[in-house]
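Student: Have a look at this one before I ask anything.
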Amino acid sequence: MAVTSVRFFSDALGKWTRYNVIVPEAGEGPYPVLMQLHGLSDDEDSWLERSNLARYVESLPLIVVLPDGGTSGYLNWKASGRLHKHRYEDLLVNDIAAHLRRHFNVREGKWAIGGLSMGGFGAMRLGLKYADRFASIHAHSSAFHIHEMVDPDLVEDLDDADIFRHAEALARRDGDRPVIAFDCGVDDRLLEHNRRFHEHLQSLDIEHTYAEFEGDHTWDYWDLHVQEALAQHARVLGLA
(Lines give C-alpha, C1' and ligand atoms only; values in the text may rest on other atoms or scores of the structure.)
Protein backbone atom coordinates (compact mmCIF):
# COMPACT_ATOMS: atom_id res chain seq x y z
CA MET A 1 0.00 0.00 0.00
CA ALA A 2 1.28 3.44 -0.94
CA VAL A 3 -0.18 6.92 -0.65
CA THR A 4 0.28 9.25 -3.61
CA SER A 5 -0.45 12.98 -3.64
CA VAL A 6 -1.68 14.09 -7.06
CA ARG A 7 -1.68 17.68 -8.32
CA PHE A 8 -3.57 18.39 -11.53
CA PHE A 9 -5.48 21.12 -13.34
CA SER A 10 -9.25 20.99 -12.83
CA ASP A 11 -11.56 22.57 -15.39
CA ALA A 12 -14.33 22.50 -12.79
CA LEU A 13 -12.33 24.76 -10.46
CA GLY A 14 -10.36 26.63 -13.11
CA LYS A 15 -7.15 26.00 -11.21
CA TRP A 16 -4.65 23.42 -10.01
CA THR A 17 -5.84 21.26 -7.13
CA ARG A 18 -4.89 18.08 -5.27
CA TYR A 19 -6.24 14.70 -4.34
CA ASN A 20 -4.68 11.75 -2.51
CA VAL A 21 -4.75 8.16 -3.67
CA ILE A 22 -4.19 5.04 -1.61
CA VAL A 23 -2.74 2.54 -4.10
CA PRO A 24 -2.98 -1.14 -3.15
CA GLU A 25 -0.21 -3.67 -3.19
CA ALA A 26 -2.68 -6.56 -2.93
CA GLY A 27 -3.69 -8.20 -6.21
CA GLU A 28 -2.56 -7.28 -9.70
CA GLY A 29 -5.31 -4.92 -10.84
CA PRO A 30 -7.12 -3.37 -12.44
CA TYR A 31 -8.70 -2.20 -9.20
CA PRO A 32 -12.16 -0.94 -8.22
CA VAL A 33 -12.35 2.50 -6.62
CA LEU A 34 -13.67 3.97 -3.38
CA MET A 35 -14.10 7.75 -3.29
CA GLN A 36 -13.93 8.84 0.36
CA LEU A 37 -15.05 12.39 1.22
CA HIS A 38 -14.02 14.59 4.14
CA GLY A 39 -16.15 16.86 6.32
CA LEU A 40 -16.42 20.61 6.67
CA SER A 41 -13.13 22.30 7.68
CA ASP A 42 -11.09 19.25 6.62
CA ASP A 43 -9.22 18.45 3.40
CA GLU A 44 -7.75 15.62 1.33
CA ASP A 45 -5.32 14.69 4.13
CA SER A 46 -7.83 14.34 6.95
CA TRP A 47 -8.81 10.69 6.50
CA LEU A 48 -5.09 9.83 6.34
CA GLU A 49 -3.99 11.89 9.33
CA ARG A 50 -6.93 11.45 11.70
CA SER A 51 -8.06 7.88 11.09
CA ASN A 52 -6.56 4.46 10.39
CA LEU A 53 -8.18 4.25 6.95
CA ALA A 54 -4.90 3.54 5.16
CA ARG A 55 -4.16 0.63 7.50
CA TYR A 56 -7.69 -0.73 7.20
CA VAL A 57 -7.46 -0.99 3.40
CA GLU A 58 -3.95 -2.51 3.32
CA SER A 59 -5.19 -5.98 2.50
CA LEU A 60 -7.82 -4.88 -0.02
CA PRO A 61 -7.21 -4.72 -3.78
CA LEU A 62 -8.92 -1.33 -3.81
CA ILE A 63 -7.91 2.16 -4.91
CA VAL A 64 -9.10 4.83 -2.45
CA VAL A 65 -9.29 8.39 -3.76
CA LEU A 66 -9.42 11.27 -1.27
CA PRO A 67 -10.42 14.60 -2.88
CA ASP A 68 -10.24 18.10 -1.43
CA GLY A 69 -13.82 19.33 -1.34
CA GLY A 70 -13.14 22.64 0.38
CA THR A 71 -16.25 23.87 2.20
CA SER A 72 -18.42 23.22 -0.84
CA GLY A 73 -20.85 20.54 0.26
CA TYR A 74 -19.61 18.88 -2.95
CA LEU A 75 -22.07 21.04 -4.89
CA ASN A 76 -21.69 23.19 -7.98
CA TRP A 77 -21.70 26.89 -7.09
CA LYS A 78 -22.30 29.84 -9.36
CA ALA A 79 -19.27 31.40 -11.02
CA SER A 80 -18.63 34.81 -12.55
CA GLY A 81 -16.86 33.99 -15.75
CA ARG A 82 -13.47 32.55 -14.83
CA LEU A 83 -13.80 33.91 -11.28
CA HIS A 84 -15.18 31.98 -8.32
CA LYS A 85 -15.27 28.63 -10.12
CA HIS A 86 -16.37 26.19 -7.46
CA ARG A 87 -17.95 23.29 -9.33
CA TYR A 88 -17.07 20.63 -6.80
CA GLU A 89 -19.58 18.06 -8.00
CA ASP A 90 -17.99 18.28 -11.45
CA LEU A 91 -14.54 18.07 -9.86
CA LEU A 92 -15.39 14.66 -8.40
CA VAL A 93 -17.55 13.02 -11.05
CA ASN A 94 -15.78 14.43 -14.11
CA ASP A 95 -12.27 15.78 -13.52
CA ILE A 96 -10.92 13.45 -10.82
CA ALA A 97 -12.69 10.42 -12.27
CA ALA A 98 -11.16 11.02 -15.71
CA HIS A 99 -7.71 11.83 -14.32
CA LEU A 100 -7.73 8.73 -12.12
CA ARG A 101 -8.64 6.50 -15.06
CA ARG A 102 -5.84 7.96 -17.16
CA HIS A 103 -3.09 7.58 -14.58
CA PHE A 104 -4.03 4.62 -12.38
CA ASN A 105 -4.93 0.98 -13.00
CA VAL A 106 -8.67 1.43 -12.52
CA ARG A 107 -11.19 -1.32 -13.17
CA GLU A 108 -14.15 -0.62 -15.43
CA GLY A 109 -17.51 -0.51 -13.72
CA LYS A 110 -19.17 1.15 -10.77
CA TRP A 111 -17.32 2.65 -7.81
CA ALA A 112 -18.06 2.94 -4.10
CA ILE A 113 -18.45 6.26 -2.29
CA GLY A 114 -18.42 7.24 1.38
CA GLY A 115 -17.75 10.11 3.72
CA LEU A 116 -18.48 11.83 7.00
CA SER A 117 -20.58 14.87 7.94
CA MET A 118 -20.45 17.23 4.92
CA GLY A 119 -18.82 14.34 3.10
CA GLY A 120 -21.60 12.02 4.21
CA PHE A 121 -24.08 14.37 2.57
CA GLY A 122 -21.87 14.54 -0.52
CA ALA A 123 -21.44 10.78 -0.73
CA MET A 124 -25.15 10.08 -0.34
CA ARG A 125 -26.25 12.83 -2.73
CA LEU A 126 -23.76 11.90 -5.46
CA GLY A 127 -24.34 8.19 -4.94
CA LEU A 128 -28.09 8.63 -5.41
CA LYS A 129 -27.81 11.10 -8.29
CA TYR A 130 -25.25 8.98 -10.16
CA ALA A 131 -26.66 5.57 -9.37
CA ASP A 132 -25.29 4.38 -12.70
CA ARG A 133 -21.75 5.10 -11.44
CA PHE A 134 -21.82 4.00 -7.80
CA ALA A 135 -22.63 0.52 -6.54
CA SER A 136 -22.12 1.14 -2.81
CA ILE A 137 -22.80 4.16 -0.58
CA HIS A 138 -21.92 4.39 3.11
CA ALA A 139 -22.16 7.69 4.99
CA HIS A 140 -21.40 8.61 8.61
CA SER A 141 -22.89 11.40 10.75
CA SER A 142 -24.23 13.09 7.65
CA ALA A 143 -25.34 16.69 7.28
CA PHE A 144 -28.42 15.78 5.26
CA HIS A 145 -29.80 19.31 5.73
CA ILE A 146 -27.12 21.16 3.75
CA HIS A 147 -29.64 22.03 1.02
CA GLU A 148 -31.62 23.93 3.67
CA MET A 149 -28.57 26.00 4.63
CA VAL A 150 -27.27 27.21 1.26
CA ASP A 151 -28.04 30.62 -0.20
CA PRO A 152 -30.19 29.97 -3.31
CA ASP A 153 -28.51 32.92 -5.04
CA LEU A 154 -25.11 31.25 -4.75
CA VAL A 155 -25.72 27.62 -5.67
CA GLU A 156 -26.34 26.68 -9.30
CA ASP A 157 -29.52 24.69 -8.67
CA LEU A 158 -31.16 24.60 -5.24
CA ASP A 159 -33.46 21.72 -6.15
CA ASP A 160 -30.45 19.71 -7.31
CA ALA A 161 -28.82 20.30 -3.91
CA ASP A 162 -31.82 18.67 -2.17
CA ILE A 163 -30.85 15.13 -1.19
CA PHE A 164 -34.49 14.25 -0.48
CA ARG A 165 -35.35 15.00 -4.11
CA HIS A 166 -32.56 12.71 -5.29
CA ALA A 167 -33.99 9.92 -3.14
CA GLU A 168 -37.38 10.49 -4.79
CA ALA A 169 -35.75 10.36 -8.23
CA LEU A 170 -34.04 7.08 -7.33
CA ALA A 171 -37.39 5.62 -6.27
CA ARG A 172 -38.72 6.34 -9.78
CA ARG A 173 -35.63 4.99 -11.50
CA ASP A 174 -35.60 1.65 -13.27
CA GLY A 175 -32.60 -0.62 -12.99
CA ASP A 176 -30.17 -1.51 -10.24
CA ARG A 177 -29.88 0.67 -7.18
CA PRO A 178 -26.78 1.20 -5.07
CA VAL A 179 -26.39 -0.60 -1.77
CA ILE A 180 -27.15 2.21 0.69
CA ALA A 181 -26.09 2.44 4.34
CA PHE A 182 -25.57 5.25 6.82
CA ASP A 183 -25.10 5.65 10.56
CA CYS A 184 -24.97 8.29 13.26
CA GLY A 185 -23.96 8.56 16.89
CA VAL A 186 -26.74 8.95 19.44
CA ASP A 187 -25.01 12.01 20.91
CA ASP A 188 -24.39 13.61 17.52
CA ARG A 189 -26.00 16.99 16.82
CA LEU A 190 -26.95 15.69 13.37
CA LEU A 191 -28.89 12.69 14.68
CA GLU A 192 -32.36 14.05 13.90
CA HIS A 193 -31.36 14.87 10.32
CA ASN A 194 -30.24 11.26 9.87
CA ARG A 195 -33.45 9.93 11.38
CA ARG A 196 -35.47 12.17 9.07
CA PHE A 197 -33.64 10.93 5.98
CA HIS A 198 -34.04 7.32 7.14
CA GLU A 199 -37.81 7.88 7.45
CA HIS A 200 -37.88 9.44 3.99
CA LEU A 201 -36.17 6.43 2.43
CA GLN A 202 -38.60 4.15 4.26
CA SER A 203 -41.57 6.12 2.88
CA LEU A 204 -40.16 5.67 -0.64
CA ASP A 205 -39.58 1.95 -0.10
CA ILE A 206 -35.88 2.34 -0.88
CA GLU A 207 -33.90 -0.52 0.63
CA HIS A 208 -31.15 0.71 2.94
CA THR A 209 -29.43 0.08 6.25
CA TYR A 210 -29.53 2.73 8.96
CA ALA A 211 -27.85 2.30 12.34
CA GLU A 212 -27.36 4.37 15.48
CA PHE A 213 -24.40 3.76 17.75
CA GLU A 214 -22.92 5.17 20.90
CA GLY A 215 -20.80 8.18 20.11
CA ASP A 216 -20.64 11.79 18.97
CA HIS A 217 -19.36 13.82 16.01
CA THR A 218 -15.77 12.68 16.52
CA TRP A 219 -12.92 10.95 14.74
CA ASP A 220 -13.04 8.13 17.29
CA TYR A 221 -16.55 7.39 16.06
CA TRP A 222 -15.66 7.61 12.36
CA ASP A 223 -12.48 5.56 12.72
CA LEU A 224 -14.50 2.76 14.28
CA HIS A 225 -17.41 2.72 11.86
CA VAL A 226 -15.52 3.27 8.63
CA GLN A 227 -14.43 -0.34 9.10
CA GLU A 228 -18.06 -1.43 8.66
CA ALA A 229 -18.31 0.77 5.58
CA LEU A 230 -15.20 -0.83 4.08
CA ALA A 231 -16.65 -4.29 4.68
CA GLN A 232 -19.79 -3.28 2.76
CA HIS A 233 -17.82 -1.77 -0.12
CA ALA A 234 -15.59 -4.85 -0.35
CA ARG A 235 -18.62 -7.13 -0.48
CA VAL A 236 -20.50 -5.07 -3.08
CA LEU A 237 -17.41 -4.63 -5.27
CA GLY A 238 -16.70 -8.35 -5.15
CA LEU A 239 -13.57 -8.17 -3.01
CA ALA A 240 -14.85 -10.23 -0.09
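Lettering and numbering for the C-alpha coordinates are positional, with chains as A, B, ... in the shown order, residues counted from 1 in each chain, and ligands counted from 1 in the shown order.
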Mind the document's chain letters and residue numbers, and return as a PyMOL selection string the residues of stretch 82-181 of chain A that DSSP labels strand (DSSP E or B).
Tutor: chain A and resi 83+86-87+106+111-116+134-140+155+179-181
Student: Determine, counting only C-alpha atoms, which protein, DNA and RNA residues have an atom within 10 Å of an atom of A:Leu116; residues of the same chain fewer than 6 positions away are not included. Present the result as a PyMOL selection string.
Tutor: chain A and resi 36-40+47+122-123+138-143+182-184+217-219+222+226
Student: Pick from A:Ser203, A:Thr17, A:Ser46, A:Ser80: nearest to A:Gly115, with only C-alpha atoms counted?
Tutor: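 Of A:Ser203, A:Thr17, A:Ser46, A:Ser80, the one nearest A:Gly115 is A:Ser46, counting only C-alpha atoms.
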Student: If you run DSSP on this backbone, which residues of stretch 46-226 of chain A come out as helix (DSSP H, G or I), and could you give them as number ranges by chain?
Tutor: A: 46-50, 53-56, 88-103, 118-129, 146-149, 159-161, 163-172, 191-203, 219-226
Student: Residues near stretch 148-154 of chain A, anyone? I mean within 12 Å using only C-alpha atoms, not counting same-chain ones fewer than 5 positions away, as a PyMOL selection string.
Tutor: chain A and resi 71-73+75-80+84-87+118+143+159-164+193
Student: Got a sec: who's within 7 Å of A:Ile63, counting only C-alpha atoms, leaving out chain neighbours fewer than 5 positions off, as a list of chain:residue names?
Tutor: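 Residues meeting the cut-off are A:Val21, A:Ile22, A:Val23, A:Pro24, A:Tyr31, A:Pro32, A:Val33, A:Leu34.
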Student: Name the closest residue to A:Gly119 among the candidates A:Val179, A:Met35, A:Ala231, A:Val93; distances are taken between atoms, counting only C-alpha atoms.
Tutor: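 Answer, going by the shortest atom-to-atom distance: A:Met35.
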Student: Would you work out the distance separating atom CA of A:Asp205 from atom CA of A:Gly175, expressed in Å to one decimal?
Tutor: 14.9 Å
Student: Here is a test: counting only C-alpha atoms, which residue of A:Leu48, A:Ala131, A:Val57, A:Leu201 is nearest to A:Leu230?
Tutor: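 Counting only C-alpha atoms, the residue closest to A:Leu230 is A:Val57.
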Student: So which one's closest to A:Arg177, A:Glu199, A:Lys110, A:Ala26, A:Gly215? Using only C-alpha atoms, please.
Tutor: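 Using only C-alpha atoms, the shortest distance to A:Arg177 belongs to A:Lys110.
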Student: If you take only C-alpha atoms and a cut-off of 12 Å, which residues of stretch 34-74 of chain A touch stretch 2-14 of chain A, and what are their nearest atom pairs and distances in Å to one decimal, in chain and number order, as a Markdown table?
Tutor:
```
| residue | atom | partner | partner_atom | distance |
| --- | --- | --- | --- | --- |
| A:Glu44 | CA | A:Ser5 | CA | 9.2 |
| A:Asp45 | CA | A:Ser5 | CA | 9.3 |
| A:Trp47 | CA | A:Val3 | CA | 11.8 |
| A:Leu48 | CA | A:Val3 | CA | 9.0 |
| A:Glu49 | CA | A:Val3 | CA | 11.8 |
| A:Leu53 | CA | A:Val3 | CA | 11.4 |
| A:Ala54 | CA | A:Val3 | CA | 8.2 |
| A:Arg55 | CA | A:Ala2 | CA | 10.4 |
| A:Val57 | CA | A:Ala2 | CA | 10.7 |
| A:Glu58 | CA | A:Ala2 | CA | 9.0 |
| A:Ser59 | CA | A:Ala2 | CA | 11.9 |
| A:Leu62 | CA | A:Ala2 | CA | 11.6 |
| A:Ile63 | CA | A:Val3 | CA | 10.0 |
| A:Val64 | CA | A:Val3 | CA | 9.3 |
| A:Val65 | CA | A:Thr4 | CA | 9.6 |
| A:Leu66 | CA | A:Ser5 | CA | 9.4 |
| A:Pro67 | CA | A:Val6 | CA | 9.7 |
| A:Asp68 | CA | A:Arg7 | CA | 11.0 |
| A:Gly69 | CA | A:Leu13 | CA | 10.7 |
| A:Gly70 | CA | A:Leu13 | CA | 11.1 |
| A:Ser72 | CA | A:Leu13 | CA | 11.5 |
| A:Tyr74 | CA | A:Ala12 | CA | 11.7 |
```
